[in-house]
file start_17.cif (mmCIF, C-alpha atoms and all ligand atoms)
data_run
#
loop_
_atom_site.label_atom_id
_atom_site.label_comp_id
_atom_site.auth_asym_id
_atom_site.auth_seq_id
_atom_site.Cartn_x
_atom_site.Cartn_y
_atom_site.Cartn_z
CA MET A 157 0.00 0.00 0.00
CA THR A 158 1.21 3.53 -0.71
CA GLY A 159 0.21 6.96 0.57
CA ILE A 160 0.02 8.51 3.98
CA VAL A 161 -3.06 7.83 6.02
CA THR A 162 -3.97 10.45 8.62
CA LEU A 163 -5.54 8.65 11.53
CA PRO A 164 -8.53 10.33 13.08
CA ARG A 165 -7.80 11.94 16.41
CA LEU A 166 -11.32 11.40 17.64
CA GLU A 167 -13.65 8.63 16.50
CA ALA A 168 -17.12 7.58 17.45
CA ASP A 169 -18.22 4.24 16.11
CA GLY A 170 -21.86 3.15 16.15
CA LEU A 171 -22.66 5.15 19.28
CA SER A 172 -26.02 4.66 20.86
CA PHE A 173 -26.99 6.23 24.15
CA SER A 174 -30.13 5.99 26.28
CA TYR A 175 -30.73 7.97 29.46
CA PRO A 176 -31.74 6.09 32.60
CA ASP A 177 -35.38 7.13 32.07
CA GLY A 178 -35.32 5.23 28.77
CA THR A 179 -34.97 8.23 26.42
CA ALA A 180 -32.99 6.97 23.44
CA ALA A 181 -30.91 10.04 22.55
CA LEU A 182 -28.34 8.63 20.08
CA HIS A 183 -28.71 5.89 17.50
CA GLU A 184 -25.69 4.40 15.75
CA VAL A 185 -23.77 7.66 15.48
CA SER A 186 -20.38 7.44 13.81
CA LEU A 187 -17.97 10.34 13.43
CA ARG A 188 -14.29 10.76 12.62
CA VAL A 189 -12.44 14.00 13.19
CA ALA A 190 -8.83 14.39 12.03
CA PRO A 191 -6.05 16.36 13.70
CA GLY A 192 -6.49 20.03 12.84
CA GLU A 193 -10.07 19.58 11.70
CA ILE A 194 -13.10 21.53 12.92
CA ALA A 195 -16.48 19.79 12.78
CA ALA A 196 -19.67 21.64 13.67
CA VAL A 197 -22.70 19.64 14.77
CA LEU A 198 -26.07 21.09 13.76
CA GLY A 199 -29.61 20.07 14.57
CA ARG A 200 -32.82 21.09 16.25
CA SER A 201 -33.23 21.23 19.96
CA GLY A 202 -33.36 17.65 21.25
CA ALA A 203 -31.54 16.21 18.21
CA GLY A 204 -28.88 14.73 20.49
CA LYS A 205 -26.02 17.21 20.00
CA SER A 206 -25.22 17.68 23.69
CA THR A 207 -25.55 13.97 24.37
CA LEU A 208 -23.09 13.25 21.58
CA MET A 209 -20.72 15.84 23.01
CA ARG A 210 -20.90 14.26 26.44
CA CYS A 211 -20.16 10.84 24.97
CA LEU A 212 -17.19 12.28 23.04
CA ALA A 213 -16.00 13.88 26.29
CA GLY A 214 -16.17 10.53 28.08
CA LEU A 215 -18.82 11.83 30.47
CA HIS A 216 -21.50 9.42 29.24
CA PRO A 217 -20.39 5.85 28.59
CA PRO A 218 -22.32 4.86 25.46
CA THR A 219 -24.99 2.20 25.66
CA ARG A 220 -23.54 0.70 22.48
CA GLY A 221 -20.55 1.49 20.27
CA GLU A 222 -17.31 3.14 21.30
CA VAL A 223 -15.32 6.37 21.30
CA ARG A 224 -11.59 6.39 20.56
CA HIS A 225 -8.93 9.04 21.02
CA ASP A 226 -5.85 8.45 18.86
CA GLY A 227 -7.15 4.95 18.25
CA GLN A 228 -7.46 4.15 21.97
CA PRO A 229 -10.96 3.19 23.11
CA TYR A 230 -12.22 5.10 26.15
CA ALA A 231 -13.82 2.01 27.60
CA GLY A 232 -11.45 0.02 29.72
CA LEU A 233 -9.18 2.96 30.57
CA ARG A 234 -8.66 3.20 34.30
CA GLY A 235 -6.76 5.35 36.76
CA ARG A 236 -3.80 7.23 35.34
CA ALA A 237 -4.54 6.24 31.71
CA ARG A 238 -8.09 7.51 32.07
CA ARG A 239 -6.93 10.81 33.56
CA ALA A 240 -4.29 11.21 30.84
CA ARG A 241 -6.97 10.79 28.18
CA ALA A 242 -9.26 13.26 29.92
CA GLU A 243 -6.48 15.83 30.11
CA ARG A 244 -6.09 15.70 26.32
CA ILE A 245 -9.70 16.79 25.85
CA GLY A 246 -10.64 20.37 26.64
CA LEU A 247 -14.30 21.10 27.32
CA VAL A 248 -16.21 24.33 26.90
CA PHE A 249 -19.60 23.22 28.19
CA GLN A 250 -22.27 25.51 29.53
CA GLU A 251 -22.83 23.36 32.57
CA PHE A 252 -19.14 23.52 33.46
CA GLN A 253 -19.70 26.73 35.30
CA LEU A 254 -17.07 29.26 36.16
CA VAL A 255 -16.33 29.87 39.82
CA GLU A 256 -18.17 33.16 40.12
CA ARG A 257 -16.43 34.57 43.17
CA ALA A 258 -12.93 33.63 42.02
CA THR A 259 -10.68 35.68 39.76
CA VAL A 260 -10.16 35.17 36.07
CA LEU A 261 -6.71 33.72 36.78
CA SER A 262 -8.03 31.23 39.34
CA ASN A 263 -10.69 30.08 36.92
CA VAL A 264 -8.19 29.61 34.10
CA LEU A 265 -5.85 27.76 36.47
CA ILE A 266 -8.55 25.16 36.96
CA GLY A 267 -7.64 24.06 33.43
CA ARG A 268 -4.30 22.97 34.87
CA LEU A 269 -5.67 21.36 38.01
CA VAL A 270 -9.07 20.06 37.14
CA TYR A 271 -8.10 16.41 37.21
CA GLN A 272 -6.31 16.53 40.51
CA PRO A 273 -7.97 15.83 43.83
CA LEU A 274 -8.55 18.42 46.53
CA LEU A 275 -8.90 21.17 44.02
CA PRO A 276 -9.62 24.02 46.41
CA SER A 277 -6.49 23.43 48.44
CA LEU A 278 -4.40 22.95 45.35
CA LEU A 279 -5.46 26.37 44.13
CA HIS A 280 -3.16 27.73 46.80
CA LEU A 281 -0.29 25.52 45.70
CA VAL A 282 0.07 26.47 42.08
CA ARG A 283 3.27 25.52 40.35
CA ARG A 284 4.99 28.36 38.53
CA ALA A 285 4.85 26.51 35.20
CA ASP A 286 1.09 26.02 35.53
CA ARG A 287 0.61 29.65 36.38
CA GLU A 288 2.62 30.74 33.35
CA ILE A 289 0.57 28.51 31.06
CA ALA A 290 -2.67 29.87 32.54
CA VAL A 291 -1.53 33.47 32.22
CA ALA A 292 -0.53 32.86 28.59
CA ALA A 293 -3.89 31.23 27.80
CA ALA A 294 -5.76 34.15 29.36
CA ALA A 295 -3.61 36.68 27.50
CA ARG A 296 -4.26 34.88 24.23
CA LEU A 297 -7.97 35.43 24.72
CA GLY A 298 -7.55 39.10 25.50
CA LEU A 299 -7.95 38.65 29.26
CA GLY A 300 -4.47 39.82 30.21
CA GLU A 301 -5.75 42.99 31.87
CA LEU A 302 -8.49 41.15 33.73
CA LEU A 303 -6.53 38.43 35.54
CA ARG A 304 -7.34 39.80 38.99
CA LYS A 305 -10.94 40.62 38.27
CA ARG A 306 -13.68 38.44 39.69
CA VAL A 307 -15.64 36.46 37.15
CA ASP A 308 -18.98 37.74 38.48
CA ALA A 309 -17.90 41.23 37.41
CA LEU A 310 -17.33 40.27 33.76
CA SER A 311 -19.49 40.67 30.66
CA GLY A 312 -21.00 37.63 28.91
CA GLY A 313 -18.35 37.64 26.19
CA GLN A 314 -15.53 37.96 28.69
CA ARG A 315 -16.92 35.06 30.72
CA GLN A 316 -17.09 32.92 27.62
CA ARG A 317 -13.46 33.77 26.93
CA VAL A 318 -12.54 32.69 30.46
CA ALA A 319 -14.19 29.31 29.84
CA ILE A 320 -12.24 28.92 26.60
CA ALA A 321 -8.98 30.03 28.22
CA ARG A 322 -9.57 27.47 30.97
CA ALA A 323 -9.96 24.71 28.37
CA MET A 324 -6.91 25.91 26.45
CA ALA A 325 -4.79 26.09 29.61
CA GLN A 326 -5.26 22.36 29.79
CA GLN A 327 -3.23 22.17 26.54
CA PRO A 328 -5.59 19.63 25.03
CA ASP A 329 -5.35 18.15 21.56
CA VAL A 330 -9.14 17.96 21.25
CA LEU A 331 -11.52 20.81 22.01
CA LEU A 332 -15.22 20.06 22.52
CA ALA A 333 -17.46 23.09 22.75
CA ASP A 334 -21.18 22.69 23.40
CA GLU A 335 -22.97 25.89 22.43
CA PRO A 336 -19.99 28.04 23.35
CA VAL A 337 -21.74 31.21 22.24
CA ALA A 338 -25.33 30.66 23.32
CA ASN A 339 -26.62 33.81 25.07
CA LEU A 340 -24.21 36.11 23.23
CA ASP A 341 -25.30 38.65 20.66
CA PRO A 342 -24.38 37.75 17.05
CA VAL A 343 -21.39 40.07 16.85
CA LEU A 344 -19.93 38.82 20.12
CA ALA A 345 -20.74 35.23 19.17
CA ALA A 346 -18.85 35.55 15.89
CA GLY A 347 -15.92 37.08 17.79
CA VAL A 348 -15.75 34.28 20.35
CA VAL A 349 -16.08 31.56 17.71
CA GLY A 350 -13.38 33.38 15.75
CA ASP A 351 -11.15 33.15 18.83
CA ILE A 352 -11.80 29.43 19.13
CA VAL A 353 -11.02 28.84 15.47
CA GLU A 354 -7.82 30.86 15.66
CA LEU A 355 -6.63 28.81 18.63
CA VAL A 356 -7.67 25.52 17.08
CA ARG A 357 -5.79 26.38 13.88
CA ALA A 358 -2.72 27.71 15.67
CA GLU A 359 -2.41 24.64 17.87
CA SER A 360 -3.63 22.19 15.22
CA LEU A 361 -6.28 20.91 17.58
CA THR A 362 -9.22 18.75 16.67
CA ALA A 363 -12.46 20.53 17.44
CA VAL A 364 -16.11 19.59 17.61
CA LEU A 365 -18.48 22.52 18.11
CA ASN A 366 -22.22 22.46 18.70
CA LEU A 367 -23.56 25.62 17.15
CA HIS A 368 -27.12 26.83 16.74
CA ASP A 369 -26.09 29.51 14.26
CA VAL A 370 -25.97 27.76 10.88
CA ALA A 371 -24.37 30.67 9.02
CA LEU A 372 -21.64 30.88 11.63
CA ALA A 373 -21.09 27.12 11.47
CA ARG A 374 -20.82 27.27 7.68
CA ARG A 375 -18.26 30.06 7.85
CA THR A 376 -16.29 28.42 10.63
CA ALA A 377 -16.15 24.66 10.30
CA ASP A 378 -14.40 22.36 7.86
CA ARG A 379 -17.23 19.86 8.17
CA LEU A 380 -20.86 20.03 9.11
CA VAL A 381 -22.57 17.12 10.82
CA GLY A 382 -26.36 17.31 10.65
CA MET A 383 -28.31 15.47 13.33
CA ARG A 384 -31.96 14.72 13.72
CA ALA A 385 -33.68 12.56 16.32
CA GLY A 386 -30.39 11.09 17.51
CA ARG A 387 -29.06 10.17 14.10
CA VAL A 388 -26.48 11.71 11.79
CA LEU A 389 -28.29 12.60 8.58
CA PHE A 390 -25.26 14.08 6.83
CA ASP A 391 -21.56 14.57 7.48
CA LEU A 392 -20.07 16.68 4.71
CA PRO A 393 -17.45 19.32 3.93
CA ALA A 394 -19.05 22.64 4.88
CA ALA A 395 -18.97 23.85 1.27
CA ASP A 396 -21.02 20.85 0.13
CA VAL A 397 -23.92 21.38 2.53
CA THR A 398 -26.94 22.68 0.65
CA ASP A 399 -30.18 24.24 1.82
CA ASP A 400 -31.82 20.87 1.13
CA HIS A 401 -29.49 19.19 3.59
CA LEU A 402 -30.35 21.80 6.19
CA ALA A 403 -34.06 21.43 5.50
CA ARG A 404 -33.76 17.73 6.32
CA ILE A 405 -32.54 18.45 9.83
CA TYR A 406 -34.57 21.58 10.54
CA ALA A 407 -37.86 20.77 8.76
CA ASP A 408 -40.84 21.20 11.03
CA SER A 409 -42.45 17.85 10.42
CA GLU A 410 -42.60 15.43 13.32
CA VAL A 411 -40.13 12.62 13.05
CA ALA A 412 -41.96 9.36 12.42
CA PRO A 413 -41.50 6.90 15.28
CA SER A 414 -40.01 4.43 12.79
CA GLU A 415 -37.14 6.90 12.24
CA VAL A 416 -36.25 6.80 15.90
CA GLY A 417 -34.59 3.91 17.62
CA ALA A 418 -35.06 1.62 14.65
N1 LIG A 501 -30.75 13.91 31.57
C1 LIG A 501 -31.62 13.49 30.65
N2 LIG A 501 -32.53 12.52 30.96
C2 LIG A 501 -33.41 12.07 30.04
N3 LIG A 501 -33.46 12.53 28.77
C3 LIG A 501 -32.58 13.49 28.41
C4 LIG A 501 -31.62 14.02 29.33
N4 LIG A 501 -30.88 14.96 28.69
C5 LIG A 501 -31.36 15.02 27.44
N5 LIG A 501 -32.38 14.14 27.27
C6 LIG A 501 -33.16 13.87 26.04
O1 LIG A 501 -32.26 13.35 25.06
C7 LIG A 501 -32.58 13.87 23.77
C8 LIG A 501 -31.35 14.59 23.23
O2 LIG A 501 -31.09 15.72 24.06
P1 LIG A 501 -29.81 16.64 23.84
O3 LIG A 501 -29.73 17.56 25.01
O4 LIG A 501 -28.64 15.79 23.53
O5 LIG A 501 -30.25 17.45 22.52
P2 LIG A 501 -29.60 18.77 21.88
O6 LIG A 501 -29.58 18.52 20.41
O7 LIG A 501 -28.30 19.05 22.52
O8 LIG A 501 -30.67 19.87 22.24
P3 LIG A 501 -30.42 21.46 22.56
O9 LIG A 501 -30.00 22.05 21.24
O10 LIG A 501 -31.76 21.92 23.01
O11 LIG A 501 -29.36 21.54 23.60
C9 LIG A 501 -33.79 14.77 23.97
O12 LIG A 501 -34.93 13.99 23.70
C10 LIG A 501 -33.73 15.14 25.44
O13 LIG A 501 -35.02 15.39 25.95
#
call {"tool": "encode", "arguments": {"input": "start_17.cif", "output": "structure tokens"}}
result
Amino acid sequence: MTGIVTLPRLEADGLSFSYPDGTAALHEVSLRVAPGEIAAVLGRSGAGKSTLMRCLAGLHPPTRGEVRHDGQPYAGLRGRARRARAERIGLVFQEFQLVERATVLSNVLIGRLVYQPLLPSLLHLVRRADREIAVAAAARLGLGELLRKRVDALSGGQRQRVAIARAMAQQPDVLLADEPVANLDPVLAAGVVGDIVELVRAESLTAVLNLHDVALARRTADRLVGMRAGRVLFDLPAADVTDDHLARIYADSEVAPSEVGA
């Protein structure tokens, strides 16, 4: 065989996931994202985007199928190997709240310490190297002047930047961002997504973004993954996604029960 094969950095293979109450949120979802590639996941509310993100993050063990990082399945990883994998994956999730009463710097430092026990006490025992990395991550997101400011005194856009800086301080090779710009006005949203893209490109990260703003996703991502009722309906280079593709995931019609969980 000839030619160079680029292995995917992040792979989901035949993922299905049901919540404990029986809600089947993902059905046979497969996805491959290469190093340096940005994939945006689109779909209506309830399509399964956040659930997919949580499976990719290793927060939800799938009911069926598997997720792999650099070819290594998540399942079966324990202890140090499991922590090492988690450290490679930066998360910008809405439910991963900032510590409101702490400073910008303390929040970004959590990116360095998040996988260690006794976090609060460790915050007082910060290694110089970790501090330097956190300061650099904050500066990169335009937060250099705000390091000592408390997060509860920041604007929405600044807070979003703190969350991204925290993920970047982790020095991940994968960035997963679930609605990183929800609640921001369109101009601010485009700015924050622009920041993410710049960082992803500069560091050659692999990124999966859940975005509600289709135009922004089209401008931003290399690939668009369209989901509906827990399934991937298309996974295409952004330039190849047509209005017909989008209509298939956003059309108003109810999804027939046979389409779900079949
Ligand atoms: N904790 C939960 N328990 C039970 N069902 C859930 C839970 N979280 C989500 N679901 C259901 O799983 C399905 C997928 O939800 P998910 O949050 O992944 O969709 P989404 O595409 O991210 O939606 P949104 O864009 O509104 O965030 C939905 O039917 C939702 O009601």
call {"tool": "closest_residue", "arguments": {"input": "start_17.cif", "among": "A:Leu215, A:Ala385, A:Ala319, A:Ala394", "to": "Ala203 (chain A)", "atoms": "all atoms listed in the file"}}
result
A:Ala385
call {"tool": "residues_near_ligand", "arguments": {"input": "start_17.cif", "ligand": "ligand LIG 501 (chain A)", "cutoff": "7 Å", "atoms": "only C-alpha atoms and all ligand atoms", "output": "PDB file with C-alpha atoms, in the frame of the given file"}}
result
ATOM      1  CA  TYR A 175     -30.730   7.970  29.460  1.00  0.00           C
ATOM      2  CA  PRO A 176     -31.740   6.090  32.600  1.00  0.00           C
ATOM      3  CA  ASP A 177     -35.380   7.130  32.070  1.00  0.00           C
ATOM      4  CA  THR A 179     -34.970   8.230  26.420  1.00  0.00           C
ATOM      5  CA  ALA A 180     -32.990   6.970  23.440  1.00  0.00           C
ATOM      6  CA  ALA A 181     -30.910  10.040  22.550  1.00  0.00           C
ATOM      7  CA  GLY A 199     -29.610  20.070  14.570  1.00  0.00           C
ATOM      8  CA  ARG A 200     -32.820  21.090  16.250  1.00  0.00           C
ATOM      9  CA  SER A 201     -33.230  21.230  19.960  1.00  0.00           C
ATOM     10  CA  GLY A 202     -33.360  17.650  21.250  1.00  0.00           C
ATOM     11  CA  ALA A 203     -31.540  16.210  18.210  1.00  0.00           C
ATOM     12  CA  GLY A 204     -28.880  14.730  20.490  1.00  0.00           C
ATOM     13  CA  LYS A 205     -26.020  17.210  20.000  1.00  0.00           C
ATOM     14  CA  SER A 206     -25.220  17.680  23.690  1.00  0.00           C
ATOM     15  CA  THR A 207     -25.550  13.970  24.370  1.00  0.00           C
ATOM     16  CA  LEU A 208     -23.090  13.250  21.580  1.00  0.00           C
ATOM     17  CA  GLY A 386     -30.390  11.090  17.510  1.00  0.00           C
TER      18      GLY A 386
END
call {"tool": "atom_distance", "arguments": {"input": "start_17.cif", "atom1": "CA of Leu198 (chain A)", "atom2": "CA of Arg375 (chain A)"}}
result
13.3 Å
call {"tool": "residues_around", "arguments": {"input": "start_17.cif", "residues": "Ala363 (chain A)", "least_positions_apart": "4", "cutoff": "9 Å", "atoms": "all atoms listed in the file", "output": "ChimeraX atom specification"}}
result
/A:189-196,329-333,353,356
call {"tool": "atom_distance", "arguments": {"input": "start_17.cif", "atom1": "CA of Gly235 (chain A)", "atom2": "CA of Ala292 (chain A)"}}
result
29.4 Å
call {"tool": "residues_around", "arguments": {"input": "start_17.cif", "residues": "Thr219 (chain A)", "least_positions_apart": "6", "cutoff": "7 Å", "atoms": "only C-alpha atoms", "output": "compact mmCIF listing (two decimals) with C-alpha atoms, keeping the file's coordinate frame"}}
result
# COMPACT_ATOMS: atom_id res chain seq x y z
CA SER A 172 -26.02 4.66 20.86
CA PHE A 173 -26.99 6.23 24.15
CA SER A 174 -30.13 5.99 26.28
call {"tool": "closest_residue", "arguments": {"input": "start_17.cif", "among": "A:Pro328, A:Ala258, A:Leu372, A:Glu359", "to": "Val343 (chain A)", "atoms": "all atoms listed in the file"}}
result
A:Leu372
call {"tool": "atom_distance", "arguments": {"input": "start_17.cif", "atom1": "CA of Ser186 (chain A)", "atom2": "CA of Glu167 (chain A)"}}
result
7.3 Å
call {"tool": "residues_around", "arguments": {"input": "start_17.cif", "residues": "Asp308 (chain A)", "least_positions_apart": "5", "cutoff": "10 Å", "atoms": "all atoms listed in the file", "output": "list in words"}}
result
Leu254, Val255, Glu256, Arg257, Ala258, Thr259, Val260 and Arg315 of chain A
call {"tool": "residues_near_point", "arguments": {"input": "start_17.cif", "point": "(-12.5, 29.5, 37.7)", "cutoff": "12 Å", "atoms": "all atoms listed in the file", "output": "PyMOL selection string"}}
result
chain A and resi 252-270+275-276+279+290+294+303-308+315-323+325
call {"tool": "closest_residue", "arguments": {"input": "start_17.cif", "among": "A:Met383, A:Val291, A:Val370, A:Leu212", "to": "Arg224 (chain A)", "atoms": "only C-alpha atoms"}}
result
A:Leu212
call {"tool": "residues_around", "arguments": {"input": "start_17.cif", "residues": "Val349 (chain A)", "least_positions_apart": "6", "cutoff": "10 Å", "atoms": "only C-alpha atoms", "output": "MDAnalysis selection string"}}
result
chainID A and resid 317 333 336:337 355 365 367 372:373 376
call {"tool": "closest_residue", "arguments": {"input": "start_17.cif", "among": "A:Asn366, A:Gln228, A:Ser311, A:Ser360", "to": "Leu166 (chain A)", "atoms": "all atoms listed in the file"}}
result
A:Gln228
